[in-house]
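Engineer: Dropping in work_18.pdb, with PDB, C-alpha atoms.
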ATOM      1  CA  MET A   1      55.901 -22.289  -8.296
ATOM      2  CA  MET A   2      56.041 -19.212  -6.077
ATOM      3  CA  LYS A   3      56.053 -16.985  -9.151
ATOM      4  CA  LEU A   4      52.977 -18.763 -10.475
ATOM      5  CA  ILE A   5      51.096 -18.225  -7.198
ATOM      6  CA  VAL A   6      52.012 -14.527  -7.192
ATOM      7  CA  TYR A   7      50.972 -14.243 -10.831
ATOM      8  CA  ILE A   8      47.604 -15.890 -10.165
ATOM      9  CA  GLY A   9      47.112 -13.626  -7.157
ATOM     10  CA  LEU A  10      47.829 -10.525  -9.219
ATOM     11  CA  LEU A  11      45.560 -11.746 -12.000
ATOM     12  CA  LEU A  12      42.693 -12.388  -9.586
ATOM     13  CA  SER A  13      43.093  -9.011  -7.910
ATOM     14  CA  THR A  14      43.080  -7.318 -11.324
ATOM     15  CA  LEU A  15      39.919  -9.176 -12.329
ATOM     16  CA  TRP A  16      38.347  -8.318  -8.975
ATOM     17  CA  ALA A  17      39.145  -4.631  -9.481
ATOM     18  CA  GLN A  18      37.435  -4.758 -12.859
ATOM     19  CA  GLU A  19      34.279  -6.272 -11.405
ATOM     20  CA  ILE A  20      33.776  -4.095  -8.379
ATOM     21  CA  SER A  21      33.745  -0.345  -8.333
ATOM     22  CA  LEU A  22      32.046   1.761  -5.726
ATOM     23  CA  SER A  23      33.234   5.226  -6.671
ATOM     24  CA  THR A  24      29.770   6.403  -7.737
ATOM     25  CA  PRO A  25      26.227   5.377  -6.723
ATOM     26  CA  LYS A  26      25.599   4.045 -10.258
ATOM     27  CA  GLU A  27      28.694   1.866 -10.019
ATOM     28  CA  ALA A  28      27.519   0.531  -6.670
ATOM     29  CA  VAL A  29      24.231  -0.561  -8.271
ATOM     30  CA  GLN A  30      26.066  -2.090 -11.235
ATOM     31  CA  SER A  31      28.384  -3.938  -8.847
ATOM     32  CA  TYR A  32      25.386  -5.173  -6.857
ATOM     33  CA  TYR A  33      23.829  -6.651 -10.017
ATOM     34  CA  HIS A  34      27.150  -8.127 -11.076
ATOM     35  CA  ALA A  35      27.443  -9.841  -7.691
ATOM     36  CA  MET A  36      23.855 -11.124  -7.836
ATOM     37  CA  ASN A  37      24.121 -12.298 -11.437
ATOM     38  CA  THR A  38      27.372 -14.164 -10.768
ATOM     39  CA  ALA A  39      26.224 -15.459  -7.346
ATOM     40  CA  ASN A  40      29.286 -13.874  -5.773
ATOM     41  CA  ILE A  41      28.292 -13.590  -2.117
ATOM     42  CA  ASP A  42      31.650 -12.150  -1.012
ATOM     43  CA  MET A  43      31.340  -9.363  -3.539
ATOM     44  CA  LEU A  44      27.725  -8.778  -2.571
ATOM     45  CA  GLU A  45      28.839  -8.313   1.033
ATOM     46  CA  LYS A  46      31.362  -5.688  -0.074
ATOM     47  CA  VAL A  47      28.884  -3.618  -2.087
ATOM     48  CA  MET A  48      26.219  -3.417   0.631
ATOM     49  CA  VAL A  49      26.041  -2.065   4.155
ATOM     50  CA  LYS A  50      25.791  -4.914   6.662
ATOM     51  CA  SER A  51      22.115  -4.598   7.569
ATOM     52  CA  SER A  52      21.075  -4.521   3.908
ATOM     53  CA  PHE A  53      23.325  -7.465   3.087
ATOM     54  CA  ASP A  54      21.807  -9.506   5.927
ATOM     55  CA  THR A  55      18.295  -8.633   4.751
ATOM     56  CA  THR A  56      19.173  -9.720   1.229
ATOM     57  CA  ILE A  57      20.572 -13.035   2.413
ATOM     58  CA  GLU A  58      17.580 -13.730   4.656
ATOM     59  CA  VAL A  59      15.055 -12.992   1.915
ATOM     60  CA  TRP A  60      16.840 -15.051  -0.718
ATOM     61  CA  ALA A  61      17.095 -17.949   1.730
ATOM     62  CA  LEU A  62      13.383 -17.854   2.528
ATOM     63  CA  SER A  63      12.148 -20.071  -0.319
ATOM     64  CA  LYS A  64      14.322 -22.951   0.907
ATOM     65  CA  ALA A  65      13.251 -22.319   4.503
ATOM     66  CA  LEU A  66       9.580 -22.548   3.533
ATOM     67  CA  LYS A  67      10.171 -26.027   2.106
ATOM     68  CA  ASP A  68      12.762 -27.377   4.544
ATOM     69  CA  LYS A  69      12.043 -27.291   8.286
ATOM     70  CA  GLU A  70      15.629 -28.001   9.274
ATOM     71  CA  PHE A  71      16.882 -25.160   7.116
ATOM     72  CA  HIS A  72      14.143 -22.950   8.515
ATOM     73  CA  GLU A  73      15.700 -23.407  11.963
ATOM     74  CA  THR A  74      19.140 -22.697  10.485
ATOM     75  CA  LEU A  75      17.878 -19.483   8.912
ATOM     76  CA  LYS A  76      16.344 -18.387  12.207
ATOM     77  CA  ALA A  77      19.818 -18.595  13.742
ATOM     78  CA  TYR A  78      21.459 -16.572  10.942
ATOM     79  CA  GLY A  79      23.830 -14.011  12.404
ATOM     80  CA  SER A  80      24.569 -15.990  15.554
ATOM     81  CA  ASP A  81      27.348 -18.294  14.349
ATOM     82  CA  PRO A  82      29.749 -18.091  11.373
ATOM     83  CA  LYS A  83      29.122 -21.770  10.534
ATOM     84  CA  ILE A  84      25.391 -21.179  10.318
ATOM     85  CA  ASP A  85      25.949 -18.037   8.260
ATOM     86  CA  SER A  86      28.068 -20.040   5.800
ATOM     87  CA  LYS A  87      25.287 -22.610   5.379
ATOM     88  CA  VAL A  88      22.730 -19.898   4.697
ATOM     89  CA  LYS A  89      25.038 -18.066   2.276
ATOM     90  CA  GLU A  90      25.740 -21.321   0.433
ATOM     91  CA  ALA A  91      21.994 -21.887  -0.002
ATOM     92  CA  VAL A  92      21.596 -18.364  -1.346
ATOM     93  CA  LYS A  93      24.508 -18.866  -3.721
ATOM     94  CA  LYS A  94      22.863 -22.015  -5.111
ATOM     95  CA  LYS A  95      19.589 -20.179  -5.600
ATOM     96  CA  LEU A  96      21.283 -17.249  -7.327
ATOM     97  CA  LEU A  97      23.132 -19.612  -9.655
ATOM     98  CA  LYS A  98      19.785 -21.056 -10.767
ATOM     99  CA  SER A  99      18.160 -17.642 -11.191
ATOM    100  CA  PRO A 100      18.248 -15.890 -14.578
ATOM    101  CA  ALA A 101      20.661 -12.973 -14.824
ATOM    102  CA  LYS A 102      19.011  -9.561 -14.719
ATOM    103  CA  LYS A 103      19.922  -6.730 -17.046
ATOM    104  CA  ILE A 104      19.786  -3.122 -15.913
ATOM    105  CA  SER A 105      19.688   0.081 -17.929
ATOM    106  CA  ASN A 106      18.844   3.807 -17.801
ATOM    107  CA  LEU A 107      20.446   4.442 -14.405
ATOM    108  CA  VAL A 108      19.655   7.898 -13.036
ATOM    109  CA  GLU A 109      21.127   9.294  -9.827
ATOM    110  CA  THR A 110      19.136  11.559  -7.511
ATOM    111  CA  PRO A 111      21.245  12.947  -4.634
ATOM    112  CA  LEU A 112      19.674  12.829  -1.170
ATOM    113  CA  GLY A 113      22.300  15.020   0.460
ATOM    114  CA  LYS A 114      26.089  14.757   0.369
ATOM    115  CA  SER A 115      26.315  11.170   1.571
ATOM    116  CA  ARG A 116      23.206   9.558   0.155
ATOM    117  CA  CYS A 117      21.899   8.975  -3.326
ATOM    118  CA  MET A 118      18.924   7.247  -4.904
ATOM    119  CA  VAL A 119      19.469   5.393  -8.157
ATOM    120  CA  ARG A 120      16.445   4.770 -10.354
ATOM    121  CA  TYR A 121      16.781   2.384 -13.261
ATOM    122  CA  LYS A 122      15.146  -0.294 -15.363
ATOM    123  CA  GLU A 123      15.608  -3.969 -14.507
ATOM    124  CA  ASP A 124      14.566  -6.035 -17.526
ATOM    125  CA  GLY A 125      12.266  -3.157 -18.445
ATOM    126  CA  GLN A 126      10.709  -2.742 -14.982
ATOM    127  CA  SER A 127      11.193   0.416 -12.890
ATOM    128  CA  LYS A 128      13.373  -0.185  -9.845
ATOM    129  CA  GLN A 129      15.286   1.892  -7.331
ATOM    130  CA  LEU A 130      18.050   1.371  -4.825
ATOM    131  CA  PHE A 131      19.439   3.720  -2.224
ATOM    132  CA  THR A 132      23.144   4.162  -1.591
ATOM    133  CA  SER A 133      25.172   5.769   1.168
ATOM    134  CA  LEU A 134      28.782   6.923   1.287
ATOM    135  CA  HIS A 135      31.274   5.105   3.550
ATOM    136  CA  ALA A 136      34.948   6.131   3.560
ATOM    137  CA  GLY A 137      34.793   7.247  -0.077
ATOM    138  CA  GLU A 138      32.807   4.226  -1.277
ATOM    139  CA  TRP A 139      29.139   4.158  -2.228
ATOM    140  CA  LYS A 140      27.294   1.133  -0.914
ATOM    141  CA  ILE A 141      23.769  -0.215  -1.340
ATOM    142  CA  ASP A 142      21.805   0.801   1.740
ATOM    143  CA  TYR A 143      18.091  -0.012   1.828
ATOM    144  CA  LYS A 144      17.538   2.448   4.644
ATOM    145  CA  ALA A 145      19.141   5.486   3.015
ATOM    146  CA  GLY A 146      15.945   6.768   1.418
ATOM    147  CA  ARG A 147      15.612   9.928   3.451
ATOM    148  CA  LYS A 148      17.321  13.152   2.474
ATOM    149  CA  ILE A 149      19.939  14.299   4.985
ATOM    150  CA  ASP A 150      22.789  16.861   5.254
TER     151      ASP A 150
ATOM    152  CA  MET B   1      13.517 -11.557   8.402
ATOM    153  CA  ILE B   2      12.772  -8.076   7.170
ATOM    154  CA  LYS B   3      10.096  -7.778   9.825
ATOM    155  CA  LYS B   4      12.792  -8.226  12.464
ATOM    156  CA  ILE B   5      14.674  -5.265  11.066
ATOM    157  CA  VAL B   6      11.800  -2.864  10.725
ATOM    158  CA  ILE B   7       9.330  -3.897  13.391
ATOM    159  CA  ALA B   8      10.907  -1.820  16.137
ATOM    160  CA  SER B   9      10.600   1.222  13.952
ATOM    161  CA  LEU B  10       7.073   0.356  12.926
ATOM    162  CA  ALA B  11       5.654   0.221  16.410
ATOM    163  CA  THR B  12       7.417   3.388  17.459
ATOM    164  CA  ALA B  13       6.404   5.088  14.254
ATOM    165  CA  LEU B  14       2.807   4.092  14.727
ATOM    166  CA  LEU B  15       2.925   5.651  18.155
ATOM    167  CA  ALA B  16       3.650   8.972  16.518
ATOM    168  CA  THR B  17       0.481   8.727  14.438
ATOM    169  CA  SER B  18      -2.100   9.681  17.000
ATOM    170  CA  SER B  19      -5.149   8.519  15.063
ATOM    171  CA  PHE B  20      -3.633   5.090  14.586
ATOM    172  CA  ALA B  21      -2.542   4.886  18.206
ATOM    173  CA  ALA B  22      -6.017   5.806  19.377
ATOM    174  CA  GLY B  23      -7.596   3.299  17.019
ATOM    175  CA  ARG B  24      -5.313   0.367  17.756
ATOM    176  CA  ALA B  25      -4.537   1.006  21.369
ATOM    177  CA  GLY B  26      -8.052   2.005  22.341
ATOM    178  CA  GLY B  27      -6.876   5.467  23.315
ATOM    179  CA  ASN B  28      -4.831   4.104  26.226
ATOM    180  CA  THR B  29      -1.523   5.449  24.921
ATOM    181  CA  SER B  30      -1.117   8.913  26.280
ATOM    182  CA  SER B  31       2.474   9.684  25.352
ATOM    183  CA  THR B  32       4.191   9.676  21.984
ATOM    184  CA  SER B  33       7.810   8.929  21.119
ATOM    185  CA  GLU B  34      10.220  10.870  18.930
ATOM    186  CA  LEU B  35      11.629   8.796  16.106
ATOM    187  CA  THR B  36      15.371   8.300  16.049
ATOM    188  CA  GLN B  37      17.293   8.991  12.820
ATOM    189  CA  GLU B  38      17.590   5.243  12.265
ATOM    190  CA  GLN B  39      13.860   4.745  12.733
ATOM    191  CA  LYS B  40      13.103   7.509  10.255
ATOM    192  CA  ASP B  41      15.434   5.814   7.793
ATOM    193  CA  THR B  42      13.425   2.605   7.843
ATOM    194  CA  LEU B  43      10.135   4.245   6.907
ATOM    195  CA  LEU B  44      10.221   3.532   3.179
ATOM    196  CA  PHE B  45      11.067  -0.036   3.951
ATOM    197  CA  ILE B  46       8.217  -0.258   6.447
ATOM    198  CA  TYR B  47       5.811   1.112   3.886
ATOM    199  CA  GLN B  48       6.930  -1.311   1.201
ATOM    200  CA  GLU B  49       7.161  -4.235   3.571
ATOM    201  CA  GLU B  50       3.580  -3.721   4.686
ATOM    202  CA  LYS B  51       2.714  -3.686   0.993
ATOM    203  CA  VAL B  52       4.348  -7.119   0.629
ATOM    204  CA  ALA B  53       1.994  -8.618   3.233
ATOM    205  CA  ARG B  54      -1.076  -6.824   1.858
ATOM    206  CA  ASP B  55      -0.318  -7.743  -1.746
ATOM    207  CA  ALA B  56       0.449 -11.360  -0.862
ATOM    208  CA  TYR B  57      -2.939 -11.626   0.836
ATOM    209  CA  ILE B  58      -4.712  -9.903  -2.094
ATOM    210  CA  THR B  59      -3.012 -12.140  -4.657
ATOM    211  CA  LEU B  60      -3.624 -15.336  -2.721
ATOM    212  CA  GLY B  61      -7.203 -14.203  -2.019
ATOM    213  CA  ASN B  62      -7.798 -13.797  -5.759
ATOM    214  CA  TYR B  63      -6.176 -17.134  -6.468
ATOM    215  CA  TYR B  64      -8.308 -18.892  -3.841
ATOM    216  CA  PRO B  65     -11.577 -16.929  -3.993
ATOM    217  CA  ASN B  66     -13.363 -19.336  -1.662
ATOM    218  CA  GLN B  67     -10.988 -18.464   1.210
ATOM    219  CA  ASN B  68     -12.472 -15.411   2.940
ATOM    220  CA  VAL B  69      -9.633 -15.230   5.454
ATOM    221  CA  TYR B  70      -7.444 -13.236   3.042
ATOM    222  CA  GLN B  71     -10.081 -10.561   2.429
ATOM    223  CA  ASN B  72     -10.710 -10.114   6.131
ATOM    224  CA  ILE B  73      -7.033  -9.480   6.908
ATOM    225  CA  GLN B  74      -6.232  -7.274   3.886
ATOM    226  CA  SER B  75      -7.974  -4.239   5.394
ATOM    227  CA  SER B  76      -5.796  -4.436   8.496
ATOM    228  CA  GLU B  77      -2.641  -4.544   6.381
ATOM    229  CA  GLN B  78      -3.953  -1.576   4.369
ATOM    230  CA  GLU B  79      -4.313   0.351   7.640
ATOM    231  CA  HIS B  80      -0.643  -0.301   8.433
ATOM    232  CA  MET B  81       0.353   0.831   4.943
ATOM    233  CA  ASP B  82      -1.639   4.043   5.234
ATOM    234  CA  SER B  83       0.062   4.890   8.522
ATOM    235  CA  ALA B  84       3.507   4.177   7.099
ATOM    236  CA  GLN B  85       2.751   6.278   4.012
ATOM    237  CA  GLY B  86       1.754   9.220   6.198
ATOM    238  CA  LEU B  87       5.018   8.932   8.088
ATOM    239  CA  CYS B  88       7.082   8.783   4.880
ATOM    240  CA  GLU B  89       5.456  12.038   3.802
ATOM    241  CA  LYS B  90       5.957  13.594   7.241
ATOM    242  CA  TYR B  91       9.681  12.761   7.369
ATOM    243  CA  GLY B  92      10.490  13.559   3.743
ATOM    244  CA  VAL B  93      10.985  10.063   2.375
ATOM    245  CA  ASP B  94      10.292  10.056  -1.353
ATOM    246  CA  ILE B  95       7.695   7.409  -2.189
ATOM    247  CA  SER B  96       6.743   8.854  -5.563
ATOM    248  CA  ASN B  97       8.151   5.828  -7.375
ATOM    249  CA  VAL B  98       5.936   3.429  -5.421
ATOM    250  CA  ASP B  99       2.597   2.691  -7.031
ATOM    251  CA  GLU B 100       0.418   1.379  -4.235
ATOM    252  CA  THR B 101      -2.258   0.299  -6.678
ATOM    253  CA  ASP B 102       0.148  -1.910  -8.610
ATOM    254  CA  ILE B 103      -0.400  -5.179  -6.759
ATOM    255  CA  GLY B 104       2.665  -7.415  -6.575
ATOM    256  CA  VAL B 105       5.062  -4.866  -8.057
ATOM    257  CA  PHE B 106       7.925  -3.492  -5.960
ATOM    258  CA  VAL B 107      10.611  -0.994  -6.881
ATOM    259  CA  VAL B 108      13.071  -2.387  -4.321
ATOM    260  CA  PRO B 109      14.444  -5.675  -5.723
ATOM    261  CA  VAL B 110      14.723  -7.528  -2.409
ATOM    262  CA  LEU B 111      11.066  -6.852  -1.616
ATOM    263  CA  GLN B 112      10.068  -8.107  -5.062
ATOM    264  CA  GLU B 113      11.956 -11.292  -4.241
ATOM    265  CA  LEU B 114      10.212 -11.572  -0.868
ATOM    266  CA  TYR B 115       6.763 -11.146  -2.420
ATOM    267  CA  ASP B 116       7.532 -13.553  -5.286
ATOM    268  CA  THR B 117       8.769 -16.174  -2.828
ATOM    269  CA  LEU B 118       5.702 -15.947  -0.588
ATOM    270  CA  VAL B 119       3.247 -16.044  -3.478
ATOM    271  CA  ALA B 120       5.050 -18.871  -5.303
ATOM    272  CA  GLN B 121       4.856 -20.924  -2.132
ATOM    273  CA  GLY B 122       1.188 -20.000  -1.676
ATOM    274  CA  TYR B 123       0.302 -20.991  -5.228
ATOM    275  CA  GLN B 124       1.436 -24.566  -4.638
ATOM    276  CA  SER B 125      -1.856 -25.477  -2.971
ATOM    277  CA  GLU B 126      -4.695 -23.900  -1.048
ATOM    278  CA  LEU B 127      -3.194 -25.287   2.131
ATOM    279  CA  SER B 128       0.235 -23.837   1.251
ATOM    280  CA  GLY B 129      -1.412 -20.452   0.747
ATOM    281  CA  LEU B 130      -2.933 -20.571   4.208
ATOM    282  CA  MET B 131       0.384 -21.692   5.643
ATOM    283  CA  VAL B 132       2.088 -18.669   4.047
ATOM    284  CA  GLY B 133      -0.403 -16.463   5.903
ATOM    285  CA  GLU B 134       0.284 -18.375   9.097
ATOM    286  CA  TYR B 135       4.032 -17.987   8.516
ATOM    287  CA  ILE B 136       3.776 -14.211   8.039
ATOM    288  CA  GLU B 137       1.792 -13.812  11.248
ATOM    289  CA  ILE B 138       4.038 -16.106  13.308
ATOM    290  CA  THR B 139       7.054 -14.111  12.119
ATOM    291  CA  ASP B 140       5.323 -10.870  13.144
ATOM    292  CA  ILE B 141       4.559 -12.160  16.633
ATOM    293  CA  ASP B 142       8.046 -13.558  17.127
ATOM    294  CA  ASP B 143       9.644 -10.304  16.014
ATOM    295  CA  LEU B 144       7.385  -8.218  18.245
ATOM    296  CA  GLU B 145       8.224 -10.358  21.262
ATOM    297  CA  HIS B 146      11.922  -9.789  20.681
ATOM    298  CA  ALA B 147      11.477  -6.121  19.851
ATOM    299  CA  GLU B 148       9.629  -5.197  23.026
ATOM    300  CA  ILE B 149      12.509  -6.204  25.280
ATOM    301  CA  GLY B 150      13.968  -3.105  26.901
ATOM    302  CA  MET B 151      11.458  -0.733  25.325
ATOM    303  CA  PRO B 152       9.610   1.966  27.277
ATOM    304  CA  SER B 153       6.089   1.183  28.447
ATOM    305  CA  ASP B 154       4.315   3.259  25.820
ATOM    306  CA  VAL B 155       6.112   1.419  23.031
ATOM    307  CA  VAL B 156       5.443  -1.950  24.684
ATOM    308  CA  LYS B 157       1.761  -1.070  24.810
ATOM    309  CA  VAL B 158       1.700  -0.563  21.052
ATOM    310  CA  TYR B 159       3.687  -3.754  20.483
ATOM    311  CA  GLU B 160       1.145  -5.636  22.557
ATOM    312  CA  ASN B 161      -1.712  -4.247  20.479
ATOM    313  CA  LEU B 162       0.038  -5.110  17.232
ATOM    314  CA  LYS B 163       0.696  -8.566  18.617
ATOM    315  CA  ALA B 164      -2.972  -8.971  19.535
ATOM    316  CA  GLY B 165      -3.845  -8.146  15.924
ATOM    317  CA  SER B 166      -1.359 -10.700  14.628
ATOM    318  CA  TYR B 167      -2.671 -13.352  17.051
ATOM    319  CA  SER B 168      -6.164 -12.683  15.736
ATOM    320  CA  HIS B 169      -4.930 -13.114  12.143
ATOM    321  CA  LEU B 170      -3.019 -16.225  13.158
ATOM    322  CA  ASP B 171      -6.163 -17.711  14.716
ATOM    323  CA  ALA B 172      -8.035 -16.996  11.498
ATOM    324  CA  TYR B 173      -5.389 -18.727   9.380
ATOM    325  CA  ARG B 174      -5.216 -21.701  11.729
ATOM    326  CA  ALA B 175      -8.995 -22.040  11.775
ATOM    327  CA  ALA B 176      -8.951 -22.022   7.973
ATOM    328  CA  ILE B 177      -6.165 -24.618   7.954
ATOM    329  CA  ASP B 178      -8.156 -26.812  10.383
ATOM    330  CA  ALA B 179     -11.275 -26.447   8.272
ATOM    331  CA  TYR B 180      -9.288 -27.344   5.163
ATOM    332  CA  ASN B 181      -7.849 -30.456   6.799
ATOM    333  CA  LYS B 182     -11.254 -31.764   7.962
TER     334      LYS B 182
END
Before we go any further, please render this structure as structure tokens.

Structural biologist:
Amino acid sequence: MMKLIVYIGLLLSTLWAQEISLSTPKEAVQSYYHAMNTANIDMLEKVMVKSSFDTTIEVWALSKALKDKEFHETLKAYGSDPKIDSKVKEAVKKKLLKSPAKKISNLVETPLGKSRCMVRYKEDGQSKQLFTSLHAGEWKIDYKAGRKID
Amino acid sequence: MIKKIVIASLATALLATSSFAAGRAGGNTSSTSELTQEQKDTLLFIYQEEKVARDAYITLGNYYPNQNVYQNIQSSEQEHMDSAQGLCEKYGVDISNVDETDIGVFVVPVLQELYDTLVAQGYQSELSGLMVGEYIEITDIDDLEHAEIGMPSDVVKVYENLKAGSYSHLDAYRAAIDAYNK
């Protein structure tokens, strides 16, 4: 039994490693889309800086909040209590699961200094861009990293 | 909401744009504030986020042509966008990929989602559209009230002026909602 648990653990960690890679800005963007397309909130949290992650969660929770007054109050308290955060994240997960997966292509990196990079790409044919910043060797999605530094 | 994140930067940023400060604050603001690194970093977001509000009002205004309230408020949102654009240029934030004339199109995915959500809700009925406007303005006011805590007096003065603008928009939306319900 113990061997089976260890095996499953190793298998999961291997799969996880295949899904998430933050060694380049392009990989950070690809990981972000993988997390969004698979409604993997934990992964999404890992590929984004905290403020950008919170913004993403709040925006994706908004449609439910506009229809549900009780949830609107819950969303207003997001960030104040782990239980509330879980409820909001669960709502976002449900919404992402219902949303069509998005396909990205033509990723082009534009450095904005040593620790920042803009990635321009096509999302289902539409021009998009995301900014990334470098944290302890990992590139993460950072909505506020659009200004050139260092 | 996004407003909560960027509003502190917006008001401070607007302080640095003297023409805007004179126009909105009636020339009462004599001092300006230096932007922090973090505030500079939010500028592209501010610019795009103002575009969300403007575009939502334009789109809903086109969808409900008999509701003049959207047209009246669009110009104010355009003013905010113009100020934010000037600041992006001043602080070297690349906005070349943003097409201001492309209504309802956003290069940052989360802002596209925000716009789509607001407009989808507004399309449900004329009353829903007005309530989306009311929601945007209430969020602005709430965020400004939180943001002004602990700020220096010159920043608070700008917050108060922005808040007055939002209250005016809120009154307009509520009057339209009342008229619709009669």

Engineer: Return as a Markdown table the residues of chain A lying at most 8 Å from chain B, together with the closest atom-to-atom pair for each and the distance in Å to one decimal, counting all atoms listed in the file, with rows in chain order and ascending residue number.

Structural biologist:
| residue | atom | partner | partner_atom | distance |
| --- | --- | --- | --- | --- |
| A:Thr55 | CA | B:Ile2 | CA | 6.1 |
| A:Thr56 | CA | B:Val110 | CA | 6.2 |
| A:Glu58 | CA | B:Met1 | CA | 5.9 |
| A:Val59 | CA | B:Leu114 | CA | 5.8 |
| A:Trp60 | CA | B:Glu113 | CA | 7.1 |
| A:Leu62 | CA | B:Thr117 | CA | 7.3 |
| A:Ser63 | CA | B:Thr117 | CA | 5.7 |
| A:Leu66 | CA | B:Gln121 | CA | 7.6 |
| A:Ser127 | CA | B:Val107 | CA | 6.2 |
| A:Lys128 | CA | B:Val107 | CA | 4.1 |
| A:Gln129 | CA | B:Val107 | CA | 5.5 |
| A:Leu130 | CA | B:Val108 | CA | 6.3 |
| A:Tyr143 | CA | B:Phe45 | CA | 7.3 |
| A:Lys144 | CA | B:Asp41 | CA | 5.1 |
| A:Ala145 | CA | B:Asp41 | CA | 6.1 |
| A:Gly146 | CA | B:Val93 | CA | 6.0 |
| A:Arg147 | CA | B:Val93 | CA | 4.8 |
| A:Lys148 | CA | B:Gly92 | CA | 7.0 |

Engineer: Provide the atom CA of A:Ala136 to atom CA of A:Ile41 distance in Å, to one decimal place.

Structural biologist: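 If I compute the distance from atom CA of A:Ala136 to atom CA of A:Ile41, I get 21.6 Å.
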
Engineer: Have a look at atom CA of A:Asp124 and atom CA of A:Lys103 and let me know their distance in Å, one decimal.

Structural biologist: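 Between atom CA of A:Asp124 and atom CA of A:Lys103 the gap is 5.4 Å.
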
Engineer: Could you jot down the atom CA of A:Leu96 to atom CA of A:Met36 separation for me, Å, one decimal place?

Structural biologist: 6.7 Å

Engineer: Please check which residues have atoms at most 12 Å from (21.3, 2.9, -5.3) in the file's coordinates, counting only C-alpha atoms, and write them as JSON, numbers by chain.

Structural biologist: {"A": [22, 24, 25, 26, 27, 28, 29, 30, 31, 32, 33, 47, 48, 49, 52, 107, 108, 109, 110, 111, 112, 115, 116, 117, 118, 119, 120, 121, 128, 129, 130, 131, 132, 133, 134, 139, 140, 141, 142, 143, 144, 145, 146], "B": [107, 108, 109]}

Engineer: Counting all atoms listed in the file, figure out which residue out of B:Thr36, B:Ser168, B:Asn66, B:Ser76 gets nearest to B:Arg54.

Structural biologist: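 Looking at the shortest contact to B:Arg54, the residue is B:Ser76.
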
Engineer: Would you list the contacts of A:Ala61 as a ChimeraX atom specification, taking every protein, DNA or RNA residue within 7 Å and counting only C-alpha atoms, but skipping same-chain residues closer than 4 positions in sequence?

Structural biologist: /A:57,65,88,91-92
